[in-house]
file target-v8.cif (mmCIF, C-alpha atoms)
data_target
#
loop_
_atom_site.group_PDB
_atom_site.id
_atom_site.type_symbol
_atom_site.label_atom_id
_atom_site.label_comp_id
_atom_site.auth_asym_id
_atom_site.auth_seq_id
_atom_site.Cartn_x
_atom_site.Cartn_y
_atom_site.Cartn_z
ATOM 1 C CA MET A 7 24.609 23.488 -13.923
ATOM 2 C CA VAL A 8 21.339 22.694 -15.649
ATOM 3 C CA ALA A 9 19.634 19.849 -13.823
ATOM 4 C CA SER A 10 17.737 17.123 -15.657
ATOM 5 C CA VAL A 11 14.088 16.380 -14.997
ATOM 6 C CA GLU A 12 15.151 13.172 -13.252
ATOM 7 C CA GLN A 13 17.526 15.104 -10.994
ATOM 8 C CA TRP A 14 14.730 17.533 -10.017
ATOM 9 C CA ARG A 15 12.462 14.576 -9.210
ATOM 10 C CA GLN A 16 15.184 13.002 -7.089
ATOM 11 C CA TRP A 17 15.692 16.264 -5.206
ATOM 12 C CA ALA A 18 11.927 16.565 -4.766
ATOM 13 C CA ALA A 19 11.754 13.030 -3.310
ATOM 14 C CA GLU A 20 14.602 13.809 -0.911
ATOM 15 C CA ALA A 21 12.891 17.042 0.141
ATOM 16 C CA ILE A 22 9.570 15.252 0.771
ATOM 17 C CA VAL A 23 11.233 12.590 2.925
ATOM 18 C CA ALA A 24 13.165 15.248 4.872
ATOM 19 C CA LEU A 25 9.982 17.252 5.428
ATOM 20 C CA LEU A 26 8.076 14.211 6.682
ATOM 21 C CA GLU A 27 10.982 13.236 8.944
ATOM 22 C CA SER A 28 10.937 16.690 10.537
ATOM 23 C CA ASP A 29 7.190 17.425 10.563
ATOM 24 C CA GLY A 30 5.758 13.916 10.835
ATOM 25 C CA ALA A 31 2.978 14.524 8.287
ATOM 26 C CA ALA A 32 2.009 16.938 5.525
ATOM 27 C CA THR A 33 -0.732 17.620 3.019
ATOM 28 C CA GLN A 34 0.017 18.176 -0.655
ATOM 29 C CA ARG A 35 -0.468 21.919 -0.229
ATOM 30 C CA GLY A 36 1.711 21.907 2.870
ATOM 31 C CA MET A 37 4.500 20.163 0.977
ATOM 32 C CA GLU A 38 4.270 22.618 -1.875
ATOM 33 C CA ALA A 39 4.241 25.612 0.467
ATOM 34 C CA LYS A 40 7.329 24.467 2.338
ATOM 35 C CA ILE A 41 9.366 22.913 -0.463
ATOM 36 C CA ALA A 42 8.460 24.789 -3.651
ATOM 37 C CA ASP A 43 9.310 28.193 -2.199
ATOM 38 C CA VAL A 44 12.904 27.336 -1.309
ATOM 39 C CA LYS A 45 15.714 27.214 -3.855
ATOM 40 C CA TYR A 46 17.527 23.911 -3.962
ATOM 41 C CA PRO A 47 21.239 24.313 -3.053
ATOM 42 C CA GLY A 48 23.289 25.144 -6.133
ATOM 43 C CA GLN A 49 20.251 25.874 -8.317
ATOM 44 C CA ARG A 50 18.749 29.177 -9.435
ATOM 45 C CA TYR A 51 15.163 27.998 -9.035
ATOM 46 C CA PRO A 52 13.079 26.198 -6.419
ATOM 47 C CA ILE A 53 11.617 22.739 -7.002
ATOM 48 C CA ASN A 54 8.487 23.094 -9.138
ATOM 49 C CA PRO A 55 5.269 21.564 -7.782
ATOM 50 C CA HIS A 56 4.944 19.192 -10.766
ATOM 51 C CA HIS A 57 8.229 17.558 -9.723
ATOM 52 C CA LEU A 58 6.819 17.185 -6.195
ATOM 53 C CA THR A 59 3.768 15.435 -7.662
ATOM 54 C CA SER A 60 5.929 12.988 -9.630
ATOM 55 C CA ALA A 61 8.188 12.363 -6.637
ATOM 56 C CA ARG A 62 5.245 11.857 -4.285
ATOM 57 C CA LYS A 63 3.726 9.261 -6.667
ATOM 58 C CA ARG A 64 7.052 7.412 -6.870
ATOM 59 C CA LEU A 65 7.445 7.438 -3.085
ATOM 60 C CA LEU A 66 3.892 6.095 -2.695
ATOM 61 C CA ASP A 67 4.527 3.329 -5.267
ATOM 62 C CA ALA A 68 7.761 2.378 -3.473
ATOM 63 C CA ASP A 69 5.964 2.315 -0.077
ATOM 64 C CA VAL A 70 8.328 4.950 1.312
ATOM 65 C CA ILE A 71 5.380 7.182 2.201
ATOM 66 C CA GLU A 72 1.706 6.481 2.706
ATOM 67 C CA GLU A 73 -1.463 8.466 2.200
ATOM 68 C CA THR A 74 -4.394 8.574 4.568
ATOM 69 C CA ARG A 75 -7.578 10.586 4.237
ATOM 70 C CA GLU A 76 -8.400 12.850 7.164
ATOM 71 C CA ARG A 77 -11.580 14.812 7.817
ATOM 72 C CA THR A 78 -11.200 18.546 8.408
ATOM 73 C CA ARG A 79 -13.156 20.532 10.986
ATOM 74 C CA GLY A 80 -15.257 21.848 8.118
ATOM 75 C CA GLY A 81 -16.211 18.333 7.046
ATOM 76 C CA GLY A 82 -13.969 18.068 3.997
ATOM 77 C CA VAL A 83 -11.537 15.233 3.429
ATOM 78 C CA VAL A 84 -7.866 15.842 2.613
ATOM 79 C CA PRO A 85 -5.027 13.436 1.905
ATOM 80 C CA VAL A 86 -2.269 13.468 4.526
ATOM 81 C CA PHE A 87 1.144 11.958 3.800
ATOM 82 C CA THR A 88 3.438 10.277 6.338
ATOM 83 C CA LEU A 89 6.493 8.049 6.172
ATOM 84 C CA SER A 90 5.592 4.364 5.957
#
call {"tool": "encode", "arguments": {"input": "target-v8.cif", "output": "structure tokens"}}
result
Amino acid sequence: MVASVEQWRQWAAEAIVALLESDGAATQRGMEAKIADVKYPGQRYPINPHHLTSARKRLLDADVIEETRERTRGGGVVPVFTLS
């Protein structure tokens, strides 16, 4: 089965929500590391990071997740995502 772009984005959104439910919070890189390396059930390929980006933006717009900016020990600032 060849999945549509919309189906990949839906799967990406589901994977983000599941990750945040289990881990509580994640950075963009953390999401990509955990989700984009695992093949989605029934598919030959994992979810590509660009689908995660689209899904994350949709989840933010729908107020399903929220973004906060956190300071690292090194003084940098990174976005951290949690469920709303």
call {"tool": "atom_distance", "arguments": {"input": "target-v8.cif", "atom1": "atom CA of Asp43 of chain A", "atom2": "atom CA of Trp14 of chain A"}}
result
14.3 Å
call {"tool": "resolve_selection", "arguments": {"input": "target-v8.cif", "expression": "the PyMOL selection byres ((chain A and resi 12) around 12)", "output": "list of chain:residue names"}}
result
A:Val8, A:Ala9, A:Ser10, A:Val11, A:Gln13, A:Trp14, A:Arg15, A:Gln16, A:Trp17, A:Ala18, A:Ala19, A:Ile53, A:His57, A:Leu58, A:Ser60, A:Ala61, A:Arg64
call {"tool": "atom_distance", "arguments": {"input": "target-v8.cif", "atom1": "atom CA of Gly30 of chain A", "atom2": "atom CA of Ile71 of chain A"}}
result
11.0 Å
call {"tool": "atom_distance", "arguments": {"input": "target-v8.cif", "atom1": "atom CA of Ser28 of chain A", "atom2": "atom CA of Glu73 of chain A"}}
result
17.1 Å
call {"tool": "closest_residue", "arguments": {"input": "target-v8.cif", "among": "A:Asp29, A:Glu72, A:Asp67, A:Glu38", "to": "Thr88 of chain A", "atoms": "only C-alpha atoms"}}
result
A:Glu72
call {"tool": "decode", "arguments": {"input": "target-v8.cif", "residues": "chain A", "atoms": "C-alpha atoms", "output": "PDB file, in the first residue's frame"}}
result
ATOM      1  CA  MET A   7       0.000   0.000   0.000  1.00  0.00           C
ATOM      2  CA  VAL A   8       1.361   3.383  -0.999  1.00  0.00           C
ATOM      3  CA  ALA A   9       0.346   5.943   1.599  1.00  0.00           C
ATOM      4  CA  SER A  10      -0.660   9.480   0.663  1.00  0.00           C
ATOM      5  CA  VAL A  11       1.114  12.531   2.021  1.00  0.00           C
ATOM      6  CA  GLU A  12      -1.940  13.232   4.179  1.00  0.00           C
ATOM      7  CA  GLN A  13      -1.826   9.708   5.608  1.00  0.00           C
ATOM      8  CA  TRP A  14       1.874  10.120   6.510  1.00  0.00           C
ATOM      9  CA  ARG A  15       1.072  13.425   8.233  1.00  0.00           C
ATOM     10  CA  GLN A  16      -1.748  11.790  10.170  1.00  0.00           C
ATOM     11  CA  TRP A  17       0.553   8.970  11.266  1.00  0.00           C
ATOM     12  CA  ALA A  18       3.193  11.534  12.221  1.00  0.00           C
ATOM     13  CA  ALA A  19       0.655  13.441  14.359  1.00  0.00           C
ATOM     14  CA  GLU A  20      -0.413  10.220  16.079  1.00  0.00           C
ATOM     15  CA  ALA A  21       3.225   9.306  16.723  1.00  0.00           C
ATOM     16  CA  ILE A  22       3.980  12.748  18.209  1.00  0.00           C
ATOM     17  CA  VAL A  23       0.992  12.563  20.560  1.00  0.00           C
ATOM     18  CA  ALA A  24       1.929   9.014  21.614  1.00  0.00           C
ATOM     19  CA  LEU A  25       5.523  10.079  22.254  1.00  0.00           C
ATOM     20  CA  LEU A  26       4.452  13.051  24.369  1.00  0.00           C
ATOM     21  CA  GLU A  27       1.985  10.879  26.294  1.00  0.00           C
ATOM     22  CA  SER A  28       4.769   8.434  27.157  1.00  0.00           C
ATOM     23  CA  ASP A  29       7.710  10.825  27.625  1.00  0.00           C
ATOM     24  CA  GLY A  30       5.923  13.962  28.809  1.00  0.00           C
ATOM     25  CA  ALA A  31       8.010  16.330  26.658  1.00  0.00           C
ATOM     26  CA  ALA A  32      10.334  16.288  23.660  1.00  0.00           C
ATOM     27  CA  THR A  33      12.456  18.572  21.530  1.00  0.00           C
ATOM     28  CA  GLN A  34      12.207  18.575  17.747  1.00  0.00           C
ATOM     29  CA  ARG A  35      15.427  16.578  17.493  1.00  0.00           C
ATOM     30  CA  GLY A  36      14.211  14.169  20.152  1.00  0.00           C
ATOM     31  CA  MET A  37      10.994  13.575  18.229  1.00  0.00           C
ATOM     32  CA  GLU A  38      12.875  12.970  15.019  1.00  0.00           C
ATOM     33  CA  ALA A  39      15.336  10.607  16.695  1.00  0.00           C
ATOM     34  CA  LYS A  40      12.601   8.496  18.249  1.00  0.00           C
ATOM     35  CA  ILE A  41       9.956   8.581  15.527  1.00  0.00           C
ATOM     36  CA  ALA A  42      11.800   8.921  12.213  1.00  0.00           C
ATOM     37  CA  ASP A  43      13.971   5.863  12.809  1.00  0.00           C
ATOM     38  CA  VAL A  44      11.083   3.437  13.277  1.00  0.00           C
ATOM     39  CA  LYS A  45       9.068   2.009  10.398  1.00  0.00           C
ATOM     40  CA  TYR A  46       5.364   2.656  10.665  1.00  0.00           C
ATOM     41  CA  PRO A  47       3.375  -0.625  10.882  1.00  0.00           C
ATOM     42  CA  GLY A  48       2.547  -1.921   7.416  1.00  0.00           C
ATOM     43  CA  GLN A  49       4.913   0.479   5.635  1.00  0.00           C
ATOM     44  CA  ARG A  50       8.352  -0.100   4.133  1.00  0.00           C
ATOM     45  CA  TYR A  51       9.734   3.231   5.317  1.00  0.00           C
ATOM     46  CA  PRO A  52       9.809   5.252   8.531  1.00  0.00           C
ATOM     47  CA  ILE A  53       8.033   8.593   8.883  1.00  0.00           C
ATOM     48  CA  ASN A  54      10.169  11.277   7.236  1.00  0.00           C
ATOM     49  CA  PRO A  55      11.100  14.307   9.356  1.00  0.00           C
ATOM     50  CA  HIS A  56       9.309  16.721   6.991  1.00  0.00           C
ATOM     51  CA  HIS A  57       6.026  14.960   7.809  1.00  0.00           C
ATOM     52  CA  LEU A  58       6.827  15.384  11.517  1.00  0.00           C
ATOM     53  CA  THR A  59       7.326  19.116  10.924  1.00  0.00           C
ATOM     54  CA  SER A  60       3.959  19.440   9.166  1.00  0.00           C
ATOM     55  CA  ALA A  61       2.213  17.368  11.831  1.00  0.00           C
ATOM     56  CA  ARG A  62       3.816  19.323  14.669  1.00  0.00           C
ATOM     57  CA  LYS A  63       2.641  22.630  13.118  1.00  0.00           C
ATOM     58  CA  ARG A  64      -0.904  21.276  12.766  1.00  0.00           C
ATOM     59  CA  LEU A  65      -0.921  20.028  16.361  1.00  0.00           C
ATOM     60  CA  LEU A  66       0.313  23.436  17.562  1.00  0.00           C
ATOM     61  CA  ASP A  67      -2.368  25.259  15.523  1.00  0.00           C
ATOM     62  CA  ALA A  68      -5.050  22.940  16.940  1.00  0.00           C
ATOM     63  CA  ASP A  69      -3.771  23.502  20.520  1.00  0.00           C
ATOM     64  CA  VAL A  70      -3.156  19.776  20.971  1.00  0.00           C
ATOM     65  CA  ILE A  71       0.483  20.444  21.850  1.00  0.00           C
ATOM     66  CA  GLU A  72       2.296  23.528  23.054  1.00  0.00           C
ATOM     67  CA  GLU A  73       5.806  24.855  22.668  1.00  0.00           C
ATOM     68  CA  THR A  74       7.877  26.428  25.397  1.00  0.00           C
ATOM     69  CA  ARG A  75      11.428  27.709  25.177  1.00  0.00           C
ATOM     70  CA  GLU A  76      13.859  26.242  27.689  1.00  0.00           C
ATOM     71  CA  ARG A  77      17.424  27.307  28.430  1.00  0.00           C
ATOM     72  CA  THR A  78      20.099  24.619  28.202  1.00  0.00           C
ATOM     73  CA  ARG A  79      23.014  24.266  30.609  1.00  0.00           C
ATOM     74  CA  GLY A  80      25.200  25.771  27.902  1.00  0.00           C
ATOM     75  CA  GLY A  81      23.031  28.882  27.712  1.00  0.00           C
ATOM     76  CA  GLY A  82      21.237  28.094  24.463  1.00  0.00           C
ATOM     77  CA  VAL A  83      17.477  28.103  24.094  1.00  0.00           C
ATOM     78  CA  VAL A  84      15.577  25.153  22.609  1.00  0.00           C
ATOM     79  CA  PRO A  85      11.883  24.629  21.956  1.00  0.00           C
ATOM     80  CA  VAL A  86      10.307  21.873  24.052  1.00  0.00           C
ATOM     81  CA  PHE A  87       6.940  20.377  23.115  1.00  0.00           C
ATOM     82  CA  THR A  88       4.332  19.027  25.543  1.00  0.00           C
ATOM     83  CA  LEU A  89       0.668  18.098  25.346  1.00  0.00           C
ATOM     84  CA  SER A  90      -1.618  21.058  26.010  1.00  0.00           C
TER      85      SER A  90
END
